[in-house]
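Below is one structure; the comments refer to it alone.
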Amino acid sequence: MTRHRSAPPSPLPLVGDSKTSQRTKQPIAARHTARVPPGVQAALLAGLVLTATLPAIRNAFVILDDGLYLSNTSAEGGLTTRGIAFAFTSVTALYWHPLAWLSHELDAELFGANPAGPHLTSVLLHAIAAGLLLLVLRRLGASVWASAGGALLWALHPLRVESFAWLAERKDVLCALFFIATVLAYLRYAERPSSGRYAAWIALGALALMSKPAAVSLAPILLLLDYWPLRRESGFVHLLKEKLPLFGMSAAVMALTVYGQKVSGSMRHLADVPFRIRLENAPISCVRYIGKILWPASLSCFYAYDRHPAGALVTASALVLCAVSALLVWQRRRRPWLLVGWTWFLIALLPNIGLLQAGRQSIADRFTNLAMIGVAIATVFAISEWVGTSRARGKAAAVAACAALAVLAALTMRQVGYWHDSVRLCEHAISVEDGDYVRALMGATLVAEHRYAEAEPHLRMAAQFAPERAEHHNNLANVLLQTGQLDQAATEEATASRLAPNDISVAVTMGRISFRQANYGGALQQFGHAVELGADKAAIATAFNDMGASIASRGQPCEAEALIRKAAELNPSLVQARRNLVLVLAAQGRRDDAARALEAAIQVTGLQPQYEGLTRDLGAANQPR
């Protein structure tokens, strides 16, 4: 008896530059009888995604890098010539991503400091990317409803929230948008090659790379599509040459990324975690990502890095990955979409798998943004094969898909709420996975809001979780200083100094503690040490001047003189320090010295309004303000 098997979805039968493609007029995408044009379908799906993600516009800025991107002077100034130049020349924020900078500058131009505007931009970009993904799936051969389901699976999954709800990750949504657009343009090029279509997908690929370095996975993924569904017969060497511009741009972006991360200091964690440990964590991370895709619960803005992974866990994770890979290779002829989707997933994860560690995270939700497109492709075609021509299976698949997407949408909206503000974000992160990083983040958030007493227990917890980290002791010492606990502050800062004797912030904090303890000589020494370590002289000069003025206002001009002199020495153009020096000398009865100090001040800074009346009032008992 002959066994009838449900027909699998038709793979794209054409080879972009083969004789077959030249002979036939059949388009790449399977023919659909839907009455709604594909562009309208994409727009409707984008509108649905926008509706589900729109609550993000109620969110505020958060402490996680939003200030780095949105309070940057170039970004704050709007879309100016100076800002555009900065966007293309800066690698100070870990990456070279000029499109991300330009988008932040445009937001500032349009919306000012209102966070609702930038959030709206992010969700719009994400929704458009979802609509483009529907078009990609259709061109790969999926039906209208299967394509819509796959695009929604990707767009409404809670793992996407970090990318569009975190304004600092604008680069992620931009990268996904241009990445998907590149794939769509490449499929059109493969259908009917031309120089114009070739230039289009190369240009879109460049825009993806200018959005975020994660797009370096684009060229290998296009080679995957040559295998299936395109089945191009030009030969691997020809297909490789075709993508050389994309490979070349990817190499340049990778070099700029490594340079930027070295300059920013984000790669200093490489010294803390040997390559062997990072290599062992790679399979664990892949399996964790799979788990979060299948069961998106307990998502957080930070997952701590395991520096001592269990050998059994490493082995089990590696075996799972090998077993899945072997199974899909075995099934490559009957179900090539599974192997392509799986390989897409692994390739897209590779740049962020931790082998070249930047930052302290082990995994991150945002790192699945491109990788999950491969999962969506495999899922769509696997379900389509199972359904085949069976009406009953089609109805079952539709009901199950609607239920799953409804759950995912609800989870996504809940996850968006966790990004409402910094305190809520940190509270949720602590509830998911407590540790020194999230405790320190909560402490920094409360300090920024001047809630020092509330910040103290969190910073103490951070120091207990990771007593070897000087920054936790330094931050705690600053909070203790703010609350007047000088002895405890000095103890914590002594620990920080022992752990990081050449840290600028530690030296500055020790100087502030010495000043509060009336150890003015110690304050001079510590601030001087900070200058030797590379601290900003102008900022230290201002600190010296403020401390000297505070001492002088308490009737101690003699003690104030050394601090104010040091301020004028570090920053000769600091008018307030020059004025204060004249006043403290006059307050000590040293009129000749005060007159000479005033003459020197005028020579260096010119006749300033602050100097008016000083010559006449040198003998008065004025105090610095």
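Following the order of the structure tokens, chains are lettered A, B, ..., residues in each are numbered from 1, and ligands are numbered from 1.
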
task: Name the residues in contact with A:Leu134 at a cut-off of 10 Å, using only C-alpha atoms, excluding same-chain residues fewer than 3 positions from it; report them as an NGL selection string.
output: :A and (38-39 or 41-43 or 45-46 or 129-131 or 137-140 or 142-152 or 180 or 184)

Generate a file of the selected residues that holds C-alpha atoms, formatted as an mmCIF file, in the first residue's frame.
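Okay, out-v5.cif is ready:
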```cif
data_model
loop_
_atom_site.group_PDB
_atom_site.id
_atom_site.type_symbol
_atom_site.label_atom_id
_atom_site.label_comp_id
_atom_site.auth_asym_id
_atom_site.auth_seq_id
_atom_site.Cartn_x
_atom_site.Cartn_y
_atom_site.Cartn_z
ATOM 1 C CA PRO A 38 1.495 42.021 0.068
ATOM 2 C CA GLY A 39 2.327 45.631 0.920
ATOM 3 C CA GLN A 41 -0.626 42.820 4.464
ATOM 4 C CA ALA A 42 2.724 44.041 5.777
ATOM 5 C CA ALA A 43 1.227 47.375 6.795
ATOM 6 C CA LEU A 45 0.715 43.425 10.514
ATOM 7 C CA ALA A 46 2.947 46.377 11.382
ATOM 8 C CA ALA A 129 10.690 45.476 10.673
ATOM 9 C CA ALA A 130 7.897 43.011 11.504
ATOM 10 C CA GLY A 131 6.026 43.992 8.356
ATOM 11 C CA LEU A 137 8.628 34.833 4.663
ATOM 12 C CA ARG A 138 6.256 35.134 1.735
ATOM 13 C CA ARG A 139 9.163 35.318 -0.703
ATOM 14 C CA LEU A 140 10.667 32.262 0.954
ATOM 15 C CA ALA A 142 5.276 30.505 3.009
ATOM 16 C CA SER A 143 1.548 31.202 2.791
ATOM 17 C CA VAL A 144 0.053 34.527 3.827
ATOM 18 C CA TRP A 145 -1.206 33.309 7.198
ATOM 19 C CA ALA A 146 1.938 31.311 7.950
ATOM 20 C CA SER A 147 4.065 34.348 7.099
ATOM 21 C CA ALA A 148 1.968 36.545 9.358
ATOM 22 C CA GLY A 149 2.237 34.032 12.190
ATOM 23 C CA GLY A 150 6.024 33.793 11.819
ATOM 24 C CA ALA A 151 6.448 37.563 11.749
ATOM 25 C CA LEU A 152 4.258 37.948 14.849
ATOM 26 C CA ILE A 180 15.496 42.179 7.204
ATOM 27 C CA LEU A 184 14.196 40.999 1.204
#
```

- prompt: Within 10 Å of A:Pro245, counting only C-alpha atoms, which residues qualify if same-chain residues fewer than 3 places away don't, as a VMD selection string?
  reply: chain A and resid 202 to 203 205 to 206 219 240 to 242 248 to 251

Restricting the output to N, CA and C atoms, write the selected residues as a PDB file, in the first residue's frame.
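Resulting contents of selection.pdb:
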```pdb
ATOM      1  N   ILE A 202      23.315  45.514  -1.315  1.00  0.00           N
ATOM      2  CA  ILE A 202      24.607  45.885  -0.745  1.00  0.00           C
ATOM      3  C   ILE A 202      24.473  47.161   0.092  1.00  0.00           C
ATOM      4  N   ALA A 203      23.738  48.142  -0.431  1.00  0.00           N
ATOM      5  CA  ALA A 203      23.547  49.408   0.300  1.00  0.00           C
ATOM      6  C   ALA A 203      22.769  49.186   1.589  1.00  0.00           C
ATOM      7  N   GLY A 205      22.643  46.420   3.286  1.00  0.00           N
ATOM      8  CA  GLY A 205      23.551  45.723   4.200  1.00  0.00           C
ATOM      9  C   GLY A 205      24.508  46.682   4.881  1.00  0.00           C
ATOM     10  N   ALA A 206      24.973  47.684   4.128  1.00  0.00           N
ATOM     11  CA  ALA A 206      25.845  48.696   4.731  1.00  0.00           C
ATOM     12  C   ALA A 206      25.119  49.471   5.819  1.00  0.00           C
ATOM     13  N   ALA A 219      26.265  38.478   5.830  1.00  0.00           N
ATOM     14  CA  ALA A 219      26.814  37.817   4.638  1.00  0.00           C
ATOM     15  C   ALA A 219      26.742  36.292   4.741  1.00  0.00           C
ATOM     16  N   LEU A 240      30.404  33.497  -3.151  1.00  0.00           N
ATOM     17  CA  LEU A 240      31.256  34.168  -2.168  1.00  0.00           C
ATOM     18  C   LEU A 240      31.750  35.498  -2.719  1.00  0.00           C
ATOM     19  N   LYS A 241      32.211  35.510  -3.961  1.00  0.00           N
ATOM     20  CA  LYS A 241      32.689  36.751  -4.577  1.00  0.00           C
ATOM     21  C   LYS A 241      31.575  37.788  -4.624  1.00  0.00           C
ATOM     22  N   GLU A 242      30.378  37.327  -4.887  1.00  0.00           N
ATOM     23  CA  GLU A 242      29.225  38.217  -4.968  1.00  0.00           C
ATOM     24  C   GLU A 242      29.034  39.012  -3.674  1.00  0.00           C
ATOM     25  N   GLY A 248      33.804  42.597   3.283  1.00  0.00           N
ATOM     26  CA  GLY A 248      34.808  43.633   3.537  1.00  0.00           C
ATOM     27  C   GLY A 248      34.317  44.674   4.526  1.00  0.00           C
ATOM     28  N   MET A 249      33.071  45.133   4.359  1.00  0.00           N
ATOM     29  CA  MET A 249      32.510  46.100   5.298  1.00  0.00           C
ATOM     30  C   MET A 249      32.377  45.494   6.692  1.00  0.00           C
ATOM     31  N   SER A 250      32.028  44.211   6.753  1.00  0.00           N
ATOM     32  CA  SER A 250      31.892  43.545   8.049  1.00  0.00           C
ATOM     33  C   SER A 250      33.235  43.493   8.769  1.00  0.00           C
ATOM     34  N   ALA A 251      34.317  43.202   8.029  1.00  0.00           N
ATOM     35  CA  ALA A 251      35.644  43.155   8.643  1.00  0.00           C
ATOM     36  C   ALA A 251      36.034  44.525   9.194  1.00  0.00           C
TER      37      ALA A 251
END
```

task: Name all residues at most 6 Å from stretch 595-605 of chain A (count only C-alpha atoms; drop same-chain ones fewer than 6 positions away) and give them as JSON, numbers by chain.
output: {"A": [573, 578, 582]}

I need the residues from that last selection saved to file as a PDB file, in the first residue's frame (with N, CA and C atoms), if you can.
```
ATOM      1  N   SER A 573      42.491  80.142  34.637  1.00  0.00           N
ATOM      2  CA  SER A 573      41.411  80.994  34.140  1.00  0.00           C
ATOM      3  C   SER A 573      40.141  80.913  34.981  1.00  0.00           C
ATOM      4  N   ARG A 578      40.418  82.958  41.473  1.00  0.00           N
ATOM      5  CA  ARG A 578      41.272  84.155  41.515  1.00  0.00           C
ATOM      6  C   ARG A 578      40.699  85.189  42.488  1.00  0.00           C
ATOM      7  N   VAL A 582      42.236  86.534  46.363  1.00  0.00           N
ATOM      8  CA  VAL A 582      42.403  87.930  46.790  1.00  0.00           C
ATOM      9  C   VAL A 582      41.701  88.157  48.126  1.00  0.00           C
TER      10      VAL A 582
END
```

task: Could you give me, as a PyMOL selection string, each residue of stretch 441-613 of chain A that DSSP assigns to alpha helix (DSSP H) when run on this structure's backbone?
output: chain A and resi 441-448+452-465+470-482+486-499+504-516+520-532+537-553+557-570+575-587+591-605

Generate the output file for the selected residues, C-alpha atoms, as a short mmCIF file (atom, residue, chain, number, x, y, z; two decimals), in the first residue's frame.
```
data_model
loop_
_atom_site.label_atom_id
_atom_site.label_comp_id
_atom_site.auth_asym_id
_atom_site.auth_seq_id
_atom_site.Cartn_x
_atom_site.Cartn_y
_atom_site.Cartn_z
CA LEU A 441 22.50 49.63 39.64
CA MET A 442 19.65 50.11 42.09
CA GLY A 443 21.97 52.03 44.41
CA ALA A 444 23.10 54.30 41.59
CA THR A 445 19.47 54.90 40.60
CA LEU A 446 18.51 55.97 44.11
CA VAL A 447 21.63 58.13 44.46
CA ALA A 448 20.70 59.93 41.24
CA TYR A 452 20.86 58.20 49.86
CA ALA A 453 19.42 56.38 52.87
CA GLU A 454 17.49 54.01 50.57
CA ALA A 455 20.56 53.48 48.40
CA GLU A 456 22.82 52.46 51.29
CA PRO A 457 21.48 48.90 51.88
CA HIS A 458 21.64 48.10 48.17
CA LEU A 459 25.23 49.27 47.94
CA ARG A 460 26.12 47.28 51.05
CA MET A 461 24.61 44.19 49.41
CA ALA A 462 26.64 44.85 46.25
CA ALA A 463 29.84 45.01 48.32
CA GLN A 464 28.88 41.77 50.08
CA PHE A 465 28.16 39.97 46.80
CA ALA A 470 36.58 48.48 44.39
CA GLU A 471 33.73 50.39 42.73
CA HIS A 472 31.17 48.95 45.15
CA HIS A 473 33.15 50.10 48.19
CA ASN A 474 33.76 53.49 46.58
CA ASN A 475 30.07 54.01 45.80
CA LEU A 476 29.10 52.96 49.32
CA ALA A 477 31.68 55.36 50.77
CA ASN A 478 30.18 58.24 48.78
CA VAL A 479 26.70 57.48 50.10
CA LEU A 480 27.99 57.19 53.68
CA LEU A 481 29.70 60.54 53.16
CA GLN A 482 26.40 62.08 52.05
CA LEU A 486 32.45 59.72 58.06
CA ASP A 487 34.17 56.91 59.94
CA GLN A 488 32.37 54.18 58.00
CA ALA A 489 32.99 56.07 54.77
CA ALA A 490 36.71 56.20 55.52
CA THR A 491 36.75 52.46 56.24
CA GLU A 492 35.01 51.59 52.97
CA GLU A 493 37.25 53.96 51.01
CA ALA A 494 40.37 52.43 52.55
CA THR A 495 39.21 49.07 51.19
CA ALA A 496 38.55 50.63 47.78
CA SER A 497 42.00 52.22 47.78
CA ARG A 498 43.63 48.90 48.63
CA LEU A 499 41.79 47.16 45.80
CA ILE A 504 40.73 58.25 39.83
CA SER A 505 37.28 58.08 41.43
CA VAL A 506 38.74 56.41 44.53
CA ALA A 507 41.34 59.17 44.91
CA VAL A 508 38.66 61.86 44.51
CA THR A 509 36.41 60.24 47.12
CA MET A 510 39.31 59.92 49.56
CA GLY A 511 40.02 63.61 49.04
CA ARG A 512 36.40 64.49 49.82
CA ILE A 513 36.47 62.36 52.98
CA SER A 514 39.74 63.96 54.12
CA PHE A 515 38.23 67.40 53.62
CA ARG A 516 35.12 66.51 55.64
CA TYR A 520 43.05 69.65 54.47
CA GLY A 521 46.57 68.47 53.76
CA GLY A 522 45.25 64.97 53.10
CA ALA A 523 42.59 66.39 50.77
CA LEU A 524 45.27 68.26 48.82
CA GLN A 525 47.33 65.11 48.54
CA GLN A 526 44.45 62.89 47.36
CA PHE A 527 43.11 65.37 44.82
CA GLY A 528 46.65 65.91 43.59
CA HIS A 529 46.97 62.15 43.18
CA ALA A 530 43.76 62.15 41.15
CA VAL A 531 45.24 64.79 38.83
CA GLU A 532 48.39 62.67 38.41
CA LYS A 537 42.10 69.45 36.04
CA ALA A 538 39.26 71.91 35.61
CA ALA A 539 36.88 69.73 37.64
CA ILE A 540 39.46 69.22 40.41
CA ALA A 541 40.21 72.96 40.43
CA THR A 542 36.52 73.72 40.95
CA ALA A 543 36.41 71.21 43.81
CA PHE A 544 39.45 72.83 45.46
CA ASN A 545 37.92 76.30 45.10
CA ASP A 546 34.59 75.19 46.58
CA MET A 547 36.31 73.54 49.53
CA GLY A 548 38.48 76.61 50.13
CA ALA A 549 35.48 78.93 49.97
CA SER A 550 33.63 76.72 52.46
CA ILE A 551 36.54 76.85 54.92
CA ALA A 552 36.97 80.61 54.51
CA SER A 553 33.27 81.22 55.13
CA PRO A 557 41.07 82.09 55.63
CA CYS A 558 44.55 80.83 56.41
CA GLU A 559 43.50 77.17 56.02
CA ALA A 560 41.53 78.04 52.90
CA GLU A 561 44.46 79.72 51.15
CA ALA A 562 46.32 76.52 50.16
CA LEU A 563 43.22 74.96 48.60
CA ILE A 564 42.31 78.10 46.65
CA ARG A 565 45.89 78.57 45.45
CA LYS A 566 45.86 74.99 44.19
CA ALA A 567 42.61 75.69 42.34
CA ALA A 568 44.14 78.73 40.63
CA GLU A 569 47.26 76.72 39.81
CA LEU A 570 45.30 73.87 38.19
CA VAL A 575 37.82 83.59 37.84
CA GLN A 576 36.09 82.60 41.08
CA ALA A 577 39.28 81.03 42.43
CA ARG A 578 41.27 84.16 41.51
CA ARG A 579 38.76 86.34 43.31
CA ASN A 580 38.63 84.10 46.35
CA LEU A 581 42.42 84.13 46.63
CA VAL A 582 42.40 87.93 46.79
CA LEU A 583 39.73 87.84 49.48
CA VAL A 584 41.42 85.27 51.74
CA LEU A 585 44.71 87.17 51.53
CA ALA A 586 42.93 90.40 52.42
CA ALA A 587 41.12 88.65 55.28
CA ARG A 591 47.04 93.69 51.61
CA ASP A 592 50.16 93.78 49.45
CA ASP A 593 49.85 90.07 48.63
CA ALA A 594 46.16 90.56 47.88
CA ALA A 595 46.93 93.47 45.53
CA ARG A 596 49.54 91.40 43.68
CA ALA A 597 47.10 88.48 43.43
CA LEU A 598 44.47 90.82 41.96
CA GLU A 599 46.97 92.21 39.46
CA ALA A 600 47.92 88.67 38.39
CA ALA A 601 44.24 87.72 38.08
CA ILE A 602 43.53 90.66 35.77
CA GLN A 603 46.57 89.84 33.64
CA VAL A 604 45.45 86.25 33.15
CA THR A 605 41.66 86.56 32.93
#
```

task: Tell me, as a PyMOL selection string, which residues lie within 9 Å of A:Leu256, counting only C-alpha atoms; anything in the same chain fewer than 6 positions away does not count.
output: chain A and resi 91+95-96

Residue selection dump (C-alpha atoms) as a PDB file, in the first residue's frame:
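The new file selection-v7.pdb reads:
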```
ATOM      1  CA  VAL A  91      33.580  54.969  18.644  1.00  0.00           C
ATOM      2  CA  TYR A  95      30.638  50.636  18.764  1.00  0.00           C
ATOM      3  CA  TRP A  96      30.840  52.521  15.512  1.00  0.00           C
TER       4      TRP A  96
END
```

task: Find the spatial neighbours of A:Asn114, counting only C-alpha atoms, within a cut-off of 12 Å - ignore same-chain residues fewer than 6 positions away - and output them as a list in words.
output: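 The filter keeps Ile57, Arg58, Asn59, Ala60, Phe61, Leu70, Glu76, Asp107, Ala108 and Leu120 of chain A.
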
- prompt: Which is closest to A:Leu48 among A:Ala409, A:Leu225, A:Ile430, A:Leu110, if we use only C-alpha atoms?
  reply: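 The shortest atom-to-atom distance to A:Leu48 comes from A:Ala409.
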
message: Set the distance at 10 Å and use only C-alpha atoms: which residues neighbour A:Asp172 once local chain neighbours fewer than 5 positions away are removed? I'd like the list as a list of chain:residue names.
response: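 Result of the neighbour search: A:Ala100, A:Ser122, A:His126, A:Arg160, A:Glu162, A:Ser163, A:Phe164, A:Trp166, A:Leu167, A:Leu177, A:Ala208, A:Ser211, A:Lys212, A:Pro213, A:Ala214, A:Ala215, A:Arg366, A:Phe367, A:Asn369, A:Leu370.
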
For A:Val416, find every residue with an atom within 12 Å (counting only C-alpha atoms), except residues of its own chain fewer than 4 positions away, and show them as a PDB file with N, CA and C atoms, in the first residue's frame.
```pdb
ATOM      1  N   ALA A  52       0.347  46.601  19.962  1.00  0.00           N
ATOM      2  CA  ALA A  52       0.750  45.802  21.121  1.00  0.00           C
ATOM      3  C   ALA A  52       1.932  46.415  21.870  1.00  0.00           C
ATOM      4  N   THR A  53       2.791  47.126  21.149  1.00  0.00           N
ATOM      5  CA  THR A  53       4.011  47.652  21.777  1.00  0.00           C
ATOM      6  C   THR A  53       3.918  49.128  22.137  1.00  0.00           C
ATOM      7  N   LEU A  54       2.822  49.793  21.757  1.00  0.00           N
ATOM      8  CA  LEU A  54       2.696  51.229  21.975  1.00  0.00           C
ATOM      9  C   LEU A  54       2.755  51.657  23.445  1.00  0.00           C
ATOM     10  N   PRO A  55       2.352  50.807  24.423  1.00  0.00           N
ATOM     11  CA  PRO A  55       2.492  51.246  25.822  1.00  0.00           C
ATOM     12  C   PRO A  55       3.905  51.672  26.210  1.00  0.00           C
ATOM     13  N   ALA A  56       4.903  51.319  25.409  1.00  0.00           N
ATOM     14  CA  ALA A  56       6.278  51.713  25.713  1.00  0.00           C
ATOM     15  C   ALA A  56       6.453  53.223  25.717  1.00  0.00           C
ATOM     16  N   ILE A  57       5.561  53.965  25.050  1.00  0.00           N
ATOM     17  CA  ILE A  57       5.731  55.422  24.997  1.00  0.00           C
ATOM     18  C   ILE A  57       5.478  56.068  26.352  1.00  0.00           C
ATOM     19  N   ARG A  58       4.892  55.314  27.295  1.00  0.00           N
ATOM     20  CA  ARG A  58       4.675  55.861  28.644  1.00  0.00           C
ATOM     21  C   ARG A  58       5.916  55.735  29.515  1.00  0.00           C
ATOM     22  N   ASN A  59       6.927  55.043  29.027  1.00  0.00           N
ATOM     23  CA  ASN A  59       8.123  54.798  29.824  1.00  0.00           C
ATOM     24  C   ASN A  59       9.040  56.010  29.853  1.00  0.00           C
ATOM     25  N   ALA A  60       9.840  56.070  30.907  1.00  0.00           N
ATOM     26  CA  ALA A  60      10.805  57.160  31.072  1.00  0.00           C
ATOM     27  C   ALA A  60      12.180  56.694  30.580  1.00  0.00           C
ATOM     28  N   HIS A 119      10.641  56.875  22.313  1.00  0.00           N
ATOM     29  CA  HIS A 119      10.014  55.548  22.463  1.00  0.00           C
ATOM     30  C   HIS A 119       9.088  55.253  21.282  1.00  0.00           C
ATOM     31  N   VAL A 123       9.346  51.926  18.680  1.00  0.00           N
ATOM     32  CA  VAL A 123       8.292  50.941  18.409  1.00  0.00           C
ATOM     33  C   VAL A 123       7.847  51.005  16.948  1.00  0.00           C
ATOM     34  N   LEU A 156       6.354  39.815  18.543  1.00  0.00           N
ATOM     35  CA  LEU A 156       5.632  39.912  19.814  1.00  0.00           C
ATOM     36  C   LEU A 156       6.233  39.044  20.907  1.00  0.00           C
ATOM     37  N   HIS A 157       7.352  38.419  20.628  1.00  0.00           N
ATOM     38  CA  HIS A 157       7.990  37.616  21.675  1.00  0.00           C
ATOM     39  C   HIS A 157       8.582  38.550  22.731  1.00  0.00           C
ATOM     40  N   PRO A 158       8.423  38.225  24.012  1.00  0.00           N
ATOM     41  CA  PRO A 158       8.933  39.109  25.079  1.00  0.00           C
ATOM     42  C   PRO A 158      10.435  39.386  24.997  1.00  0.00           C
ATOM     43  N   LEU A 159      11.186  38.522  24.336  1.00  0.00           N
ATOM     44  CA  LEU A 159      12.616  38.778  24.192  1.00  0.00           C
ATOM     45  C   LEU A 159      12.897  40.019  23.355  1.00  0.00           C
ATOM     46  N   ARG A 160      11.904  40.480  22.568  1.00  0.00           N
ATOM     47  CA  ARG A 160      12.104  41.683  21.754  1.00  0.00           C
ATOM     48  C   ARG A 160      12.034  42.954  22.590  1.00  0.00           C
ATOM     49  N   VAL A 161      11.445  42.895  23.771  1.00  0.00           N
ATOM     50  CA  VAL A 161      11.140  44.112  24.531  1.00  0.00           C
ATOM     51  C   VAL A 161      12.400  44.916  24.823  1.00  0.00           C
ATOM     52  N   GLU A 162      13.459  44.248  25.216  1.00  0.00           N
ATOM     53  CA  GLU A 162      14.682  44.969  25.567  1.00  0.00           C
ATOM     54  C   GLU A 162      15.175  45.820  24.403  1.00  0.00           C
ATOM     55  N   SER A 163      14.968  45.345  23.180  1.00  0.00           N
ATOM     56  CA  SER A 163      15.464  46.075  22.010  1.00  0.00           C
ATOM     57  C   SER A 163      14.670  47.345  21.751  1.00  0.00           C
ATOM     58  N   PHE A 164      13.330  47.293  21.848  1.00  0.00           N
ATOM     59  CA  PHE A 164      12.563  48.494  21.495  1.00  0.00           C
ATOM     60  C   PHE A 164      12.146  49.336  22.696  1.00  0.00           C
ATOM     61  N   ALA A 165      12.169  48.773  23.914  1.00  0.00           N
ATOM     62  CA  ALA A 165      11.764  49.548  25.090  1.00  0.00           C
ATOM     63  C   ALA A 165      12.943  50.241  25.769  1.00  0.00           C
ATOM     64  N   TRP A 166      14.145  49.861  25.399  1.00  0.00           N
ATOM     65  CA  TRP A 166      15.356  50.466  25.960  1.00  0.00           C
ATOM     66  C   TRP A 166      15.904  51.406  24.899  1.00  0.00           C
ATOM     67  N   LEU A 299      12.498  37.099  32.597  1.00  0.00           N
ATOM     68  CA  LEU A 299      13.420  37.863  31.765  1.00  0.00           C
ATOM     69  C   LEU A 299      13.923  39.068  32.552  1.00  0.00           C
ATOM     70  N   SER A 300      15.168  39.433  32.331  1.00  0.00           N
ATOM     71  CA  SER A 300      15.795  40.492  33.113  1.00  0.00           C
ATOM     72  C   SER A 300      16.669  41.352  32.214  1.00  0.00           C
ATOM     73  N   CYS A 301      16.993  42.549  32.702  1.00  0.00           N
ATOM     74  CA  CYS A 301      17.901  43.427  31.963  1.00  0.00           C
ATOM     75  C   CYS A 301      19.354  43.013  32.138  1.00  0.00           C
ATOM     76  N   ALA A 409       1.887  38.172  23.355  1.00  0.00           N
ATOM     77  CA  ALA A 409       1.582  39.603  23.367  1.00  0.00           C
ATOM     78  C   ALA A 409       1.343  40.101  24.789  1.00  0.00           C
ATOM     79  N   ALA A 410       0.639  39.309  25.592  1.00  0.00           N
ATOM     80  CA  ALA A 410       0.385  39.691  26.983  1.00  0.00           C
ATOM     81  C   ALA A 410       1.690  39.753  27.777  1.00  0.00           C
ATOM     82  N   LEU A 411       2.549  38.759  27.581  1.00  0.00           N
ATOM     83  CA  LEU A 411       3.838  38.755  28.266  1.00  0.00           C
ATOM     84  C   LEU A 411       4.703  39.933  27.824  1.00  0.00           C
ATOM     85  N   THR A 412       4.610  40.266  26.544  1.00  0.00           N
ATOM     86  CA  THR A 412       5.381  41.394  26.027  1.00  0.00           C
ATOM     87  C   THR A 412       4.925  42.696  26.668  1.00  0.00           C
ATOM     88  N   HIS A 420       9.457  50.732  32.728  1.00  0.00           N
ATOM     89  CA  HIS A 420       8.806  52.025  32.914  1.00  0.00           C
ATOM     90  C   HIS A 420       9.766  53.075  33.466  1.00  0.00           C
ATOM     91  N   ASP A 421      10.570  52.700  34.431  1.00  0.00           N
ATOM     92  CA  ASP A 421      11.545  53.609  35.024  1.00  0.00           C
ATOM     93  C   ASP A 421      12.665  52.790  35.634  1.00  0.00           C
ATOM     94  N   ARG A 424      11.793  50.581  38.912  1.00  0.00           N
ATOM     95  CA  ARG A 424      11.012  49.383  38.608  1.00  0.00           C
ATOM     96  C   ARG A 424      11.856  48.356  37.853  1.00  0.00           C
ATOM     97  N   LEU A 425      12.690  48.818  36.955  1.00  0.00           N
ATOM     98  CA  LEU A 425      13.556  47.917  36.191  1.00  0.00           C
ATOM     99  C   LEU A 425      14.518  47.172  37.113  1.00  0.00           C
ATOM    100  N   HIS A 428      12.719  44.606  39.418  1.00  0.00           N
ATOM    101  CA  HIS A 428      12.414  43.365  38.703  1.00  0.00           C
ATOM    102  C   HIS A 428      13.682  42.537  38.496  1.00  0.00           C
TER     103      HIS A 428
END
```
